[in-house]
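K.L.:
My structure is in upload_23.txt, and what it holds is compact mmCIF, C-alpha atoms:
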# COMPACT_ATOMS: atom_id res chain seq x y z
CA MET A 1352 57.23 -176.19 -107.25
CA SER A 1353 55.92 -172.67 -107.86
CA ASN A 1354 54.06 -173.41 -111.09
CA VAL A 1355 52.44 -176.58 -109.74
CA HIS A 1356 48.80 -176.05 -108.87
CA HIS A 1357 48.16 -177.09 -105.30
CA GLY A 1358 44.83 -177.88 -103.75
CA PRO A 1359 42.89 -175.48 -101.52
CA TYR A 1360 44.37 -174.48 -98.17
CA ILE A 1361 43.31 -176.51 -95.20
CA ASP A 1362 41.45 -174.36 -92.68
CA THR A 1363 43.05 -175.25 -89.37
CA SER A 1364 40.90 -173.04 -87.15
CA GLU A 1365 39.64 -174.77 -84.01
CA HIS A 1366 35.94 -175.37 -83.47
CA GLU A 1367 34.57 -176.14 -80.04
CA LEU A 1368 32.09 -178.95 -79.84
CA SER A 1369 28.55 -177.78 -79.08
CA GLN A 1370 26.40 -179.61 -76.52
CA TYR A 1371 24.54 -181.11 -79.50
CA ASP A 1372 27.77 -182.42 -81.01
CA LYS A 1373 28.69 -183.98 -77.67
CA GLN A 1374 25.27 -185.60 -77.41
CA ALA A 1375 25.49 -186.92 -80.98
CA ILE A 1376 28.83 -188.54 -80.11
CA ALA A 1377 27.44 -189.92 -76.84
CA LEU A 1378 24.33 -191.36 -78.54
CA SER A 1379 26.55 -193.05 -81.15
CA GLU A 1380 28.58 -194.71 -78.44
CA ILE A 1381 25.55 -195.74 -76.36
CA LEU A 1382 23.81 -197.33 -79.35
CA ARG A 1383 26.99 -199.14 -80.32
CA ARG A 1384 27.57 -200.40 -76.79
CA GLN A 1385 24.05 -201.76 -76.70
CA SER A 1386 24.71 -203.58 -79.99
CA ILE A 1387 21.89 -201.68 -81.67
CA LEU A 1388 24.30 -200.65 -84.42
CA THR A 1389 27.94 -200.93 -85.41
CA THR A 1390 30.45 -198.29 -86.49
CA ASP A 1391 30.52 -200.02 -89.87
CA GLU A 1392 26.76 -199.55 -90.31
CA VAL A 1393 27.11 -195.86 -89.50
CA ARG A 1394 29.92 -195.49 -92.05
CA ARG A 1395 27.98 -197.39 -94.69
CA THR A 1396 24.93 -195.17 -94.16
CA ILE A 1397 26.93 -191.94 -94.28
CA GLU A 1398 28.75 -193.04 -97.44
CA ASP A 1399 25.39 -193.08 -99.24
CA PHE A 1400 24.71 -189.43 -98.44
CA ASN A 1401 25.38 -186.75 -101.05
CA THR A 1402 28.19 -185.18 -99.06
CA PRO A 1403 29.48 -187.82 -96.65
CA TYR A 1404 31.06 -186.48 -93.43
CA ASP A 1405 30.24 -182.90 -94.42
CA PRO A 1406 28.71 -181.45 -92.32
CA TYR A 1407 30.10 -184.02 -89.91
CA PHE A 1408 27.70 -184.06 -86.96
CA GLU A 1409 24.60 -183.34 -89.01
CA ASN A 1410 25.34 -186.39 -91.12
CA ARG A 1411 26.12 -188.46 -88.07
CA ILE A 1412 22.79 -187.80 -86.36
CA ARG A 1413 20.99 -188.36 -89.65
CA ALA A 1414 22.75 -191.72 -89.99
CA LEU A 1415 21.95 -192.78 -86.41
CA ILE A 1416 18.27 -191.99 -86.95
CA ALA A 1417 18.21 -193.76 -90.36
CA ILE A 1418 19.77 -196.93 -88.93
CA CYS A 1419 17.37 -196.98 -85.98
CA VAL A 1420 14.48 -196.73 -88.44
CA GLU A 1421 16.08 -199.41 -90.65
CA LYS A 1422 16.22 -201.72 -87.65
CA ASN A 1423 12.73 -200.87 -86.39
CA VAL A 1424 14.09 -199.41 -83.17
CA LEU A 1425 11.89 -196.51 -84.10
CA VAL A 1426 9.47 -195.71 -86.85
CA GLN A 1427 9.96 -192.84 -89.31
CA SER A 1428 6.64 -191.26 -88.41
CA GLU A 1429 7.37 -191.20 -84.69
CA ILE A 1430 10.75 -189.53 -85.05
CA GLN A 1431 9.19 -187.01 -87.41
CA GLU A 1432 6.39 -186.37 -84.93
CA GLN A 1433 8.91 -185.98 -82.10
CA ILE A 1434 10.90 -183.47 -84.14
CA ASP A 1435 7.73 -181.54 -85.01
CA THR A 1436 6.47 -181.51 -81.43
CA MET A 1437 9.74 -180.58 -79.77
CA GLN A 1438 11.25 -178.24 -82.28
CA ILE A 1439 12.39 -174.80 -81.29
CA PRO A 1440 12.10 -172.55 -84.36
CA GLU A 1441 15.26 -170.61 -83.53
CA HIS A 1442 17.25 -173.83 -83.50
CA SER A 1443 18.72 -175.54 -86.54
CA THR A 1444 17.30 -178.71 -88.08
CA TYR A 1445 20.32 -180.52 -86.68
CA GLU A 1446 19.83 -179.28 -83.10
CA ASN A 1447 16.14 -180.13 -83.21
CA ALA A 1448 16.93 -183.60 -84.56
CA VAL A 1449 19.46 -184.33 -81.79
CA ARG A 1450 17.04 -183.26 -79.09
CA ALA A 1451 14.10 -185.18 -80.54
CA PHE A 1452 16.14 -188.33 -81.17
CA ALA A 1453 17.56 -188.35 -77.64
CA SER A 1454 14.13 -187.83 -76.10
CA LEU A 1455 12.59 -190.63 -78.19
CA LEU A 1456 15.35 -193.06 -77.19
CA VAL A 1457 14.77 -192.12 -73.55
CA ALA A 1458 10.99 -192.53 -73.90
CA LYS A 1459 11.60 -196.02 -75.27
CA ASN A 1460 13.95 -196.88 -72.38
CA ILE A 1461 16.87 -197.46 -74.72
CA THR A 1462 18.84 -194.94 -72.72
CA SER A 1463 18.31 -192.29 -70.06
CA TYR A 1464 19.27 -188.64 -69.82
CA GLN A 1465 21.62 -189.65 -67.01
CA GLU A 1466 23.37 -192.17 -69.21
CA ILE A 1467 23.71 -189.62 -72.01
CA GLN A 1468 25.11 -187.03 -69.63
CA ASP A 1469 27.49 -189.56 -68.08
CA GLN A 1470 28.80 -190.47 -71.52
CA VAL A 1471 29.23 -186.78 -72.41
CA SER A 1472 31.18 -186.26 -69.15
CA THR A 1473 33.36 -189.31 -69.75
CA ASN A 1474 34.14 -188.08 -73.26
CA GLU A 1475 35.03 -184.60 -71.98
CA LYS A 1476 37.82 -186.18 -69.97
CA ARG A 1477 39.32 -187.58 -73.17
CA THR A 1478 41.72 -184.88 -74.21
CA HIS A 1479 45.09 -184.93 -75.90
CA ALA A 1480 46.68 -184.69 -72.43
CA LEU A 1481 46.24 -188.48 -72.27
CA GLY A 1482 48.25 -189.02 -75.45
CA ALA A 1483 50.80 -186.45 -74.30
CA SER A 1484 51.40 -188.36 -71.05
CA VAL A 1485 52.07 -191.56 -73.02
CA VAL A 1486 54.47 -189.74 -75.35
CA ALA A 1487 56.33 -188.05 -72.48
CA LYS A 1488 56.88 -191.39 -70.77
CA ALA A 1489 58.10 -192.93 -74.03
CA TRP A 1490 60.55 -190.07 -74.54
CA LEU A 1491 62.06 -190.48 -71.08
CA ASP A 1492 61.94 -194.28 -70.69
CA ILE A 1493 63.28 -196.30 -73.60
CA ASP A 1494 62.02 -199.62 -72.23
CA TYR A 1495 58.53 -198.17 -71.99
CA LYS A 1496 58.84 -196.83 -75.52
CA ASN A 1497 59.79 -200.27 -76.82
CA ARG A 1498 56.85 -201.86 -75.03
CA LEU A 1499 54.60 -199.19 -76.51
CA LEU A 1500 55.87 -199.79 -80.04
CA SER A 1501 55.39 -203.53 -79.80
CA ASP A 1502 52.10 -203.75 -77.86
CA ALA A 1503 50.39 -200.40 -77.57
CA ARG A 1504 47.25 -201.59 -75.77
CA SER A 1505 49.11 -203.20 -72.90
CA ALA A 1506 51.67 -200.39 -72.50
CA ILE A 1507 48.95 -197.71 -72.51
CA SER A 1508 46.95 -199.71 -69.97
CA GLU A 1509 49.99 -199.53 -67.66
CA MET A 1510 49.23 -195.81 -67.39
CA GLY A 1511 45.67 -196.48 -66.31
CA ILE A 1512 44.19 -195.02 -69.51
CA ALA A 1513 40.94 -196.64 -70.63
CA LEU A 1514 40.94 -197.78 -74.25
CA GLU A 1515 37.95 -198.70 -76.41
CA GLU A 1516 37.59 -202.43 -76.84
CA HIS A 1517 36.39 -202.49 -80.42
CA VAL A 1518 39.55 -201.06 -82.03
CA GLU A 1519 43.28 -201.67 -81.73
CA PHE A 1520 46.02 -199.11 -81.23
CA ARG A 1521 49.45 -198.75 -82.72
CA ILE A 1522 52.09 -196.20 -81.83
CA VAL A 1523 54.57 -195.09 -84.48
CA GLU A 1524 57.72 -193.13 -83.83
CA ASN A 1525 59.05 -190.05 -85.60
CA THR A 1526 62.83 -189.76 -85.68
CA PRO A 1527 65.32 -187.42 -87.33
CA THR A 1528 65.17 -189.66 -90.43
CA LEU A 1529 61.57 -190.95 -90.51
CA HIS A 1530 58.39 -188.89 -90.23
CA HIS A 1531 54.90 -190.36 -89.98
CA VAL A 1532 51.70 -188.42 -90.62
CA VAL A 1533 48.29 -190.02 -90.03
CA VAL A 1534 45.06 -189.66 -91.99
CA CYS A 1535 41.85 -191.59 -92.46
CA THR A 1536 41.00 -191.05 -96.12
CA LEU A 1537 37.80 -193.10 -95.82
CA CYS A 1538 36.23 -191.36 -92.82
CA SER A 1539 37.67 -189.98 -89.55
CA CYS A 1540 39.38 -192.83 -87.73
CA TYR A 1541 41.43 -191.29 -84.97
CA PRO A 1542 42.75 -192.42 -81.56
CA ARG A 1543 39.93 -190.71 -79.65
CA ALA A 1544 40.73 -192.55 -76.43
CA LEU A 1545 44.08 -190.73 -76.38
CA LEU A 1546 43.34 -187.44 -78.13
CA GLY A 1547 39.61 -186.75 -77.77
CA GLU A 1548 37.56 -185.71 -80.78
CA PRO A 1549 39.60 -184.90 -83.91
CA PRO A 1550 39.80 -181.32 -85.18
CA GLU A 1551 37.51 -180.29 -88.07
CA TRP A 1552 40.40 -180.14 -90.51
CA TYR A 1553 41.35 -183.78 -89.86
CA LYS A 1554 37.82 -184.84 -90.83
CA SER A 1555 37.69 -182.51 -93.87
CA MET A 1556 37.72 -183.82 -97.43
CA VAL A 1557 40.49 -181.31 -98.21
CA TYR A 1558 42.94 -182.79 -95.69
CA ARG A 1559 41.96 -186.38 -96.37
CA GLN A 1560 42.57 -185.99 -100.10
CA ARG A 1561 45.52 -183.61 -100.12
CA VAL A 1562 47.67 -185.29 -97.49
CA VAL A 1563 47.90 -188.44 -99.63
CA ALA A 1564 48.06 -186.54 -102.95
CA GLU A 1565 50.64 -183.93 -101.91
CA PRO A 1566 51.88 -184.79 -98.43
CA ARG A 1567 55.05 -182.70 -98.33
CA GLN A 1568 53.18 -179.63 -99.55
CA VAL A 1569 50.46 -180.11 -96.93
CA LEU A 1570 53.04 -180.44 -94.17
CA LEU A 1571 54.80 -177.32 -95.46
CA GLU A 1572 51.53 -175.36 -95.38
CA MET A 1573 50.81 -176.60 -91.87
CA GLY A 1574 54.18 -175.30 -90.70
CA LEU A 1575 56.33 -178.39 -91.07
CA PRO A 1576 58.78 -178.26 -93.99
CA LEU A 1577 60.38 -181.70 -94.18
CA ASP A 1578 64.03 -181.98 -95.16
CA GLU A 1579 64.97 -184.12 -98.12
CA GLN A 1580 66.94 -186.41 -95.80
CA VAL A 1581 63.80 -187.29 -93.87
CA LYS A 1582 61.77 -190.22 -95.17
CA LEU A 1583 58.04 -189.53 -95.08
CA ARG A 1584 55.56 -192.27 -94.27
CA VAL A 1585 51.89 -191.40 -94.72
CA VAL A 1586 49.71 -193.72 -92.63
CA ASP A 1587 46.15 -194.19 -93.90
CA SER A 1588 44.20 -195.78 -91.04
CA THR A 1589 41.79 -197.79 -93.09
CA ALA A 1590 40.66 -200.47 -90.68
CA ASP A 1591 40.44 -201.38 -86.99
CA VAL A 1592 43.79 -199.94 -85.90
CA ARG A 1593 44.13 -196.39 -84.56
CA TYR A 1594 47.49 -194.65 -84.84
CA LEU A 1595 49.26 -192.24 -82.52
CA VAL A 1596 52.57 -190.64 -83.40
CA ILE A 1597 55.43 -190.19 -80.94
CA PRO A 1598 56.80 -186.87 -82.20
CA LYS A 1599 60.53 -186.53 -82.75
CA ILE A 1600 62.22 -186.11 -79.37
CA PRO A 1601 63.07 -182.45 -78.74
CA GLU A 1602 66.66 -181.80 -77.76
CA GLY A 1603 67.18 -181.54 -74.04
CA VAL A 1604 63.97 -183.33 -73.05
CA GLU A 1605 65.88 -185.78 -70.82
CA SER A 1606 66.42 -182.92 -68.37
CA LEU A 1607 62.65 -182.59 -67.82
CA SER A 1608 60.17 -184.45 -65.68
CA GLU A 1609 57.39 -186.43 -67.38
CA ASP A 1610 54.87 -183.68 -66.56
CA GLN A 1611 57.09 -181.00 -68.02
CA ALA A 1612 57.81 -183.07 -71.11
CA ALA A 1613 54.09 -183.76 -71.63
CA LYS A 1614 53.45 -180.02 -71.90
CA LEU A 1615 55.58 -179.92 -75.06
CA VAL A 1616 53.45 -182.57 -76.80
CA THR A 1617 50.77 -180.90 -78.91
CA ARG A 1618 47.79 -182.70 -80.39
CA ASP A 1619 48.98 -181.87 -83.90
CA SER A 1620 52.40 -183.41 -83.21
CA MET A 1621 50.68 -186.71 -82.32
CA ILE A 1622 48.91 -186.68 -85.69
CA GLY A 1623 52.19 -185.84 -87.37
CA VAL A 1624 51.38 -182.47 -88.94
CA SER A 1625 53.79 -180.66 -86.65
CA HIS A 1626 56.72 -181.30 -84.34
CA ALA A 1627 56.45 -181.15 -80.57
CA MET A 1628 57.38 -177.83 -78.95
CA PRO A 1629 61.03 -177.31 -78.19
CA VAL A 1630 62.46 -177.36 -74.67
CA ALA A 1631 62.51 -173.73 -73.53
CA MET B 1270 48.37 -218.67 -86.90
CA GLY B 1271 46.63 -219.60 -90.13
CA GLN B 1272 47.29 -216.48 -92.15
CA GLN B 1273 48.28 -216.48 -95.79
CA PHE B 1274 51.12 -213.92 -95.74
CA GLY B 1275 54.23 -213.37 -93.64
CA ILE B 1276 56.18 -210.25 -92.83
CA GLY B 1277 58.24 -209.14 -95.81
CA ASP B 1278 56.01 -210.89 -98.38
CA THR B 1279 55.25 -208.91 -101.52
CA VAL B 1280 51.53 -208.50 -102.10
CA ILE B 1281 49.32 -206.87 -104.69
CA VAL B 1282 46.08 -205.17 -103.71
CA GLN B 1283 43.21 -206.53 -105.75
CA SER B 1284 41.23 -204.29 -108.07
CA ARG B 1285 37.56 -204.91 -107.69
CA LYS B 1286 34.40 -203.25 -108.89
CA VAL B 1287 32.58 -202.90 -105.57
CA THR B 1288 29.39 -201.08 -104.84
CA HIS B 1289 29.09 -202.21 -101.23
CA HIS B 1290 30.84 -200.74 -98.23
CA HIS B 1291 34.48 -201.73 -97.99
CA ARG B 1292 37.67 -200.43 -96.44
CA THR B 1293 40.23 -200.66 -99.25
CA PRO B 1294 40.65 -197.18 -100.78
CA SER B 1295 40.41 -197.27 -104.58
CA TYR B 1296 43.67 -195.37 -104.97
CA ILE B 1297 45.57 -198.46 -103.83
CA TYR B 1298 43.88 -200.95 -106.15
CA GLY B 1299 46.39 -202.95 -108.16
CA LYS B 1300 49.40 -201.58 -106.29
CA GLU B 1301 52.27 -203.68 -105.01
CA GLY B 1302 53.52 -203.43 -101.45
CA ARG B 1303 55.01 -205.59 -98.74
CA ILE B 1304 53.67 -206.95 -95.47
CA GLU B 1305 55.08 -204.88 -92.62
CA LYS B 1306 53.05 -206.22 -89.71
CA ILE B 1307 50.34 -208.78 -89.02
CA HIS B 1308 47.64 -207.21 -86.87
CA GLY B 1309 45.67 -210.38 -86.27
CA LYS B 1310 42.11 -211.33 -87.05
CA PHE B 1311 39.16 -208.93 -87.10
CA LYS B 1312 35.53 -209.20 -88.10
CA ASN B 1313 34.88 -208.33 -91.73
CA PRO B 1314 33.60 -204.72 -91.94
CA GLU B 1315 32.00 -205.43 -95.32
CA GLN B 1316 29.65 -207.80 -93.51
CA LEU B 1317 29.22 -205.79 -90.31
CA ALA B 1318 28.12 -202.80 -92.34
CA TYR B 1319 24.94 -204.66 -93.32
CA GLY B 1320 24.08 -206.06 -89.91
CA ASN B 1321 25.80 -209.40 -90.43
CA ASN B 1322 28.06 -210.87 -87.78
CA GLY B 1323 31.29 -210.27 -89.71
CA LEU B 1324 32.43 -213.87 -89.40
CA PRO B 1325 34.67 -215.57 -90.24
CA GLU B 1326 37.25 -213.11 -89.00
CA GLN B 1327 39.86 -212.09 -91.54
CA THR B 1328 43.54 -211.39 -91.01
CA LEU B 1329 44.41 -207.70 -91.16
CA TYR B 1330 47.86 -206.69 -92.39
CA SER B 1331 49.84 -203.48 -92.32
CA VAL B 1332 51.12 -203.08 -95.88
CA LEU B 1333 53.95 -200.75 -96.77
CA PHE B 1334 54.17 -199.22 -100.25
CA LYS B 1335 56.88 -197.23 -101.95
CA TYR B 1336 55.06 -193.96 -102.61
CA THR B 1337 56.35 -193.92 -106.18
CA ASP B 1338 54.61 -197.28 -106.74
CA VAL B 1339 51.28 -195.85 -105.58
CA GLU B 1340 51.35 -193.35 -108.45
CA ILE B 1341 49.11 -190.73 -106.90
CA SER B 1342 51.61 -188.04 -106.07
CA LYS B 1343 54.49 -186.15 -107.59
CA ASP B 1344 55.03 -184.32 -104.31
CA ILE B 1345 57.12 -187.08 -102.78
CA LEU B 1346 60.73 -188.16 -102.68
CA PRO B 1347 61.96 -191.56 -103.90
CA SER B 1348 62.28 -193.02 -100.41
CA ASP B 1349 58.83 -191.86 -99.19
CA GLU B 1350 56.31 -194.50 -98.21
CA LEU B 1351 52.61 -195.07 -97.68
CA MET B 1352 51.31 -197.51 -95.10
CA MET B 1353 47.79 -198.82 -94.67
CA ASP B 1354 45.88 -201.69 -93.14
CA ILE B 1355 44.36 -204.15 -95.60
CA PHE B 1356 42.36 -207.33 -95.09
CA GLU B 1357 43.72 -210.62 -96.39
CA HIS B 1358 40.85 -211.18 -98.81
CA TRP B 1359 41.92 -208.04 -100.70
CA LEU B 1360 45.52 -209.20 -101.20
CA SER B 1361 47.11 -211.47 -103.77
CA PRO B 1362 50.69 -212.75 -103.64
CA GLY B 1363 53.10 -210.53 -105.52
CA PRO B 1364 56.14 -211.60 -107.51
CA LYS B 1365 58.84 -213.25 -105.38
CA LYS B 1366 61.71 -210.84 -104.78
Please express the file's structure as structure tokens.

P.N.:
Amino acid sequence: MSNVHHGPYIDTSEHELSQYDKQAIALSEILRRQSILTTDEVRRTIEDFNTPYDPYFENRIRALIAICVEKNVLVQSEIQEQIDTMQIPEHSTYENAVRAFASLLVAKNITSYQEIQDQVSTNEKRTHALGASVVAKAWLDIDYKNRLLSDARSAISEMGIALEEHVEFRIVENTPTLHHVVVCTLCSCYPRALLGEPPEWYKSMVYRQRVVAEPRQVLLEMGLPLDEQVKLRVVDSTADVRYLVIPKIPEGVESLSEDQAAKLVTRDSMIGVSHAMPVA
Amino acid sequence: MGQQFGIGDTVIVQSRKVTHHHRTPSYIYGKEGRIEKIHGKFKNPEQLAYGNNGLPEQTLYSVLFKYTDVEISKDILPSDELMMDIFEHWLSPGPKK
């Protein structure tokens, strides 16, 4: 393998969401819930940009504004005027756009600052701890695991976790002989209801291209060398189904409580780019 | 249920010259796989993307491919697989096995 040229390394550093990023996400969801736009329209708009999904949030806010103008929810000149009036010179174009867009939607009674803040707060509660609790229960209760594998939505609802209505969920299981890794080559489909917002690397062109073009190498670089005896299954979530991986059960997990087991389940293991942590 | 394919059926992904928004990655065009799961009916994203109502709903399938048949990677082993969700109107029946 040493004289095969591999693609660029995937930068796996973590990036915290800024308040602007959180508002951009919240505005997306509010506009969708009000049937002002659909996820598909946002994707279609972004795909026409020079560098789709890069930078991610900048393109997202640009798409939301473009669709609202397309649908006459607002007029190009008024959003431009709002940006000009409200802009803070020290802030980036992106930050100024988010602030102006939000304030225009509020002025037009499409939403309120309270609704935006409530959505931001709801989204902050969506962390990978939700997915980890589902995985831990599946590890320790085989009947639950089987229900989860056959009807994810209903099994997850048993745990009182709220799921989006406009997508479906499917849980896949990693075993000693089968390993799943999930990607969305077309955009950034991800089980946000169970994991929160995906990491930057998951949304990057580098990961999205390389994990289908050289999956075993990507896993190796991300710290997961897969044995030859293990069958790899790359899952490209191309449509309305969101995938969560049950990582391979660590040895000795049956001696733990669900809470203790959940602490071993990392976000990356539920994407499939690493294993869960071992039992101490 | 009214869908064209059953679990285990061999299917071939159509190759189309499309300029509009769609959700079948070009790397899978023309490739042969088999139906692994039937997800049910969903609104057509190709229509929704342009403000249409996405009806009639189309059946969405999980299709499993032998990675070697996909022909995009040398970094895989013979038993490795690729799985993705494809709408019925992008699938043609494959040869009977």

K.L.:
Please tell me which residues are no farther than 9 Å from (39.8, -207.9, -89.3) in the file, counting all atoms listed in the file, and write them as a ChimeraX atom specification.

P.N.:
/A:1590-1591 /B:1308-1314,1323,1326-1330,1355-1357

K.L.:
Any idea what the distance is between CA of Glu1609 (chain A) and CA of Leu1491 (chain A)?

P.N.:
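For CA of Glu1609 (chain A) relative to CA of Leu1491 (chain A), the distance reads 7.2 Å.
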
K.L.:
Please identify every residue of chain A that has at least one atom no farther than 6 Å from an atom of chain B, counting only C-alpha atoms, and for each give the shortest atom pair and the distance in Å to one decimal, arranged by chain then increasing number, as JSON lines.

P.N.:
{"residue": "A:Asp1391", "atom": "CA", "partner": "B:Ala1318", "partner_atom": "CA", "distance": 4.4}
{"residue": "A:Glu1392", "atom": "CA", "partner": "B:Ala1318", "partner_atom": "CA", "distance": 4.1}
{"residue": "A:Arg1395", "atom": "CA", "partner": "B:His1290", "partner_atom": "CA", "distance": 5.7}
{"residue": "A:Ala1564", "atom": "CA", "partner": "B:Ser1342", "partner_atom": "CA", "distance": 5.0}
{"residue": "A:Glu1565", "atom": "CA", "partner": "B:Asp1344", "partner_atom": "CA", "distance": 5.0}
{"residue": "A:Lys1582", "atom": "CA", "partner": "B:Asp1349", "partner_atom": "CA", "distance": 5.2}
{"residue": "A:Leu1583", "atom": "CA", "partner": "B:Asp1349", "partner_atom": "CA", "distance": 4.8}
{"residue": "A:Arg1584", "atom": "CA", "partner": "B:Glu1350", "partner_atom": "CA", "distance": 4.6}
{"residue": "A:Val1585", "atom": "CA", "partner": "B:Leu1351", "partner_atom": "CA", "distance": 4.8}
{"residue": "A:Val1586", "atom": "CA", "partner": "B:Met1352", "partner_atom": "CA", "distance": 4.8}
{"residue": "A:Asp1587", "atom": "CA", "partner": "B:Met1353", "partner_atom": "CA", "distance": 5.0}
{"residue": "A:Ser1588", "atom": "CA", "partner": "B:Met1353", "partner_atom": "CA", "distance": 5.9}
{"residue": "A:Thr1589", "atom": "CA", "partner": "B:Asp1354", "partner_atom": "CA", "distance": 5.7}
{"residue": "A:Ala1590", "atom": "CA", "partner": "B:Asp1354", "partner_atom": "CA", "distance": 5.9}

K.L.:
Just to be explicit: take each residue in the selection above, keep C-alpha atoms, and write the result as a PDB file, keeping the file's coordinate frame.

P.N.:
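Listing of part01.pdb after writing:
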ATOM      1  CA  ASP A1391      30.520-200.020 -89.870  1.00  0.00           C
ATOM      2  CA  GLU A1392      26.760-199.550 -90.310  1.00  0.00           C
ATOM      3  CA  ARG A1395      27.980-197.390 -94.690  1.00  0.00           C
ATOM      4  CA  ALA A1564      48.060-186.540-102.950  1.00  0.00           C
ATOM      5  CA  GLU A1565      50.640-183.930-101.910  1.00  0.00           C
ATOM      6  CA  LYS A1582      61.770-190.220 -95.170  1.00  0.00           C
ATOM      7  CA  LEU A1583      58.040-189.530 -95.080  1.00  0.00           C
ATOM      8  CA  ARG A1584      55.560-192.270 -94.270  1.00  0.00           C
ATOM      9  CA  VAL A1585      51.890-191.400 -94.720  1.00  0.00           C
ATOM     10  CA  VAL A1586      49.710-193.720 -92.630  1.00  0.00           C
ATOM     11  CA  ASP A1587      46.150-194.190 -93.900  1.00  0.00           C
ATOM     12  CA  SER A1588      44.200-195.780 -91.040  1.00  0.00           C
ATOM     13  CA  THR A1589      41.790-197.790 -93.090  1.00  0.00           C
ATOM     14  CA  ALA A1590      40.660-200.470 -90.680  1.00  0.00           C
TER      15      ALA A1590
END

K.L.:
Could you check which of A:Glu1409, A:Tyr1594, A:Arg1559, A:Thr1389 is closest to Glu1519 (chain A), using all atoms listed in the file?

P.N.:
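Selected residue with least distance to Glu1519 (chain A): A:Tyr1594.
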
K.L.:
To one decimal place in Å, what is the distance between CA of Ser1454 (chain A) and CA of Asp1372 (chain A)?

P.N.:
15.5 Å

K.L.:
Once all heavy atoms are restored for region 1277-1281 of chain B, what would the output be as an mmCIF file, in the frame of the given file?

P.N.:
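Full text of part.cif as output:
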data_model
loop_
_atom_site.group_PDB
_atom_site.id
_atom_site.type_symbol
_atom_site.label_atom_id
_atom_site.label_comp_id
_atom_site.auth_asym_id
_atom_site.auth_seq_id
_atom_site.Cartn_x
_atom_site.Cartn_y
_atom_site.Cartn_z
ATOM 1 N N GLY B 1277 57.274 -209.230 -94.721
ATOM 2 C CA GLY B 1277 58.240 -209.140 -95.810
ATOM 3 C C GLY B 1277 57.696 -209.635 -97.140
ATOM 4 O O GLY B 1277 58.273 -209.356 -98.193
ATOM 5 N N ASP B 1278 56.592 -210.375 -97.124
ATOM 6 C CA ASP B 1278 56.010 -210.890 -98.380
ATOM 7 C C ASP B 1278 55.555 -209.727 -99.254
ATOM 8 O O ASP B 1278 54.982 -208.756 -98.773
ATOM 9 C CB ASP B 1278 54.796 -211.776 -98.105
ATOM 10 C CG ASP B 1278 55.188 -213.155 -97.615
ATOM 11 O OD1 ASP B 1278 56.410 -213.429 -97.505
ATOM 12 O OD2 ASP B 1278 54.269 -213.950 -97.338
ATOM 13 N N THR B 1279 55.764 -209.883 -100.566
ATOM 14 C CA THR B 1279 55.250 -208.910 -101.520
ATOM 15 C C THR B 1279 53.795 -209.263 -101.820
ATOM 16 O O THR B 1279 53.466 -210.437 -102.027
ATOM 17 C CB THR B 1279 56.059 -208.972 -102.831
ATOM 18 O OG1 THR B 1279 57.431 -208.855 -102.499
ATOM 19 C CG2 THR B 1279 55.675 -207.842 -103.766
ATOM 20 N N VAL B 1280 52.955 -208.269 -101.823
ATOM 21 C CA VAL B 1280 51.530 -208.500 -102.100
ATOM 22 C C VAL B 1280 51.032 -207.462 -103.097
ATOM 23 O O VAL B 1280 51.623 -206.387 -103.230
ATOM 24 C CB VAL B 1280 50.667 -208.410 -100.821
ATOM 25 C CG1 VAL B 1280 50.901 -209.599 -99.904
ATOM 26 C CG2 VAL B 1280 50.905 -207.101 -100.086
ATOM 27 N N ILE B 1281 49.970 -207.820 -103.779
ATOM 28 C CA ILE B 1281 49.320 -206.870 -104.690
ATOM 29 C C ILE B 1281 47.882 -206.690 -104.226
ATOM 30 O O ILE B 1281 47.182 -207.676 -103.952
ATOM 31 C CB ILE B 1281 49.370 -207.385 -106.140
ATOM 32 C CG1 ILE B 1281 50.826 -207.498 -106.572
ATOM 33 C CG2 ILE B 1281 48.607 -206.434 -107.076
ATOM 34 C CD1 ILE B 1281 51.021 -207.944 -107.996
#
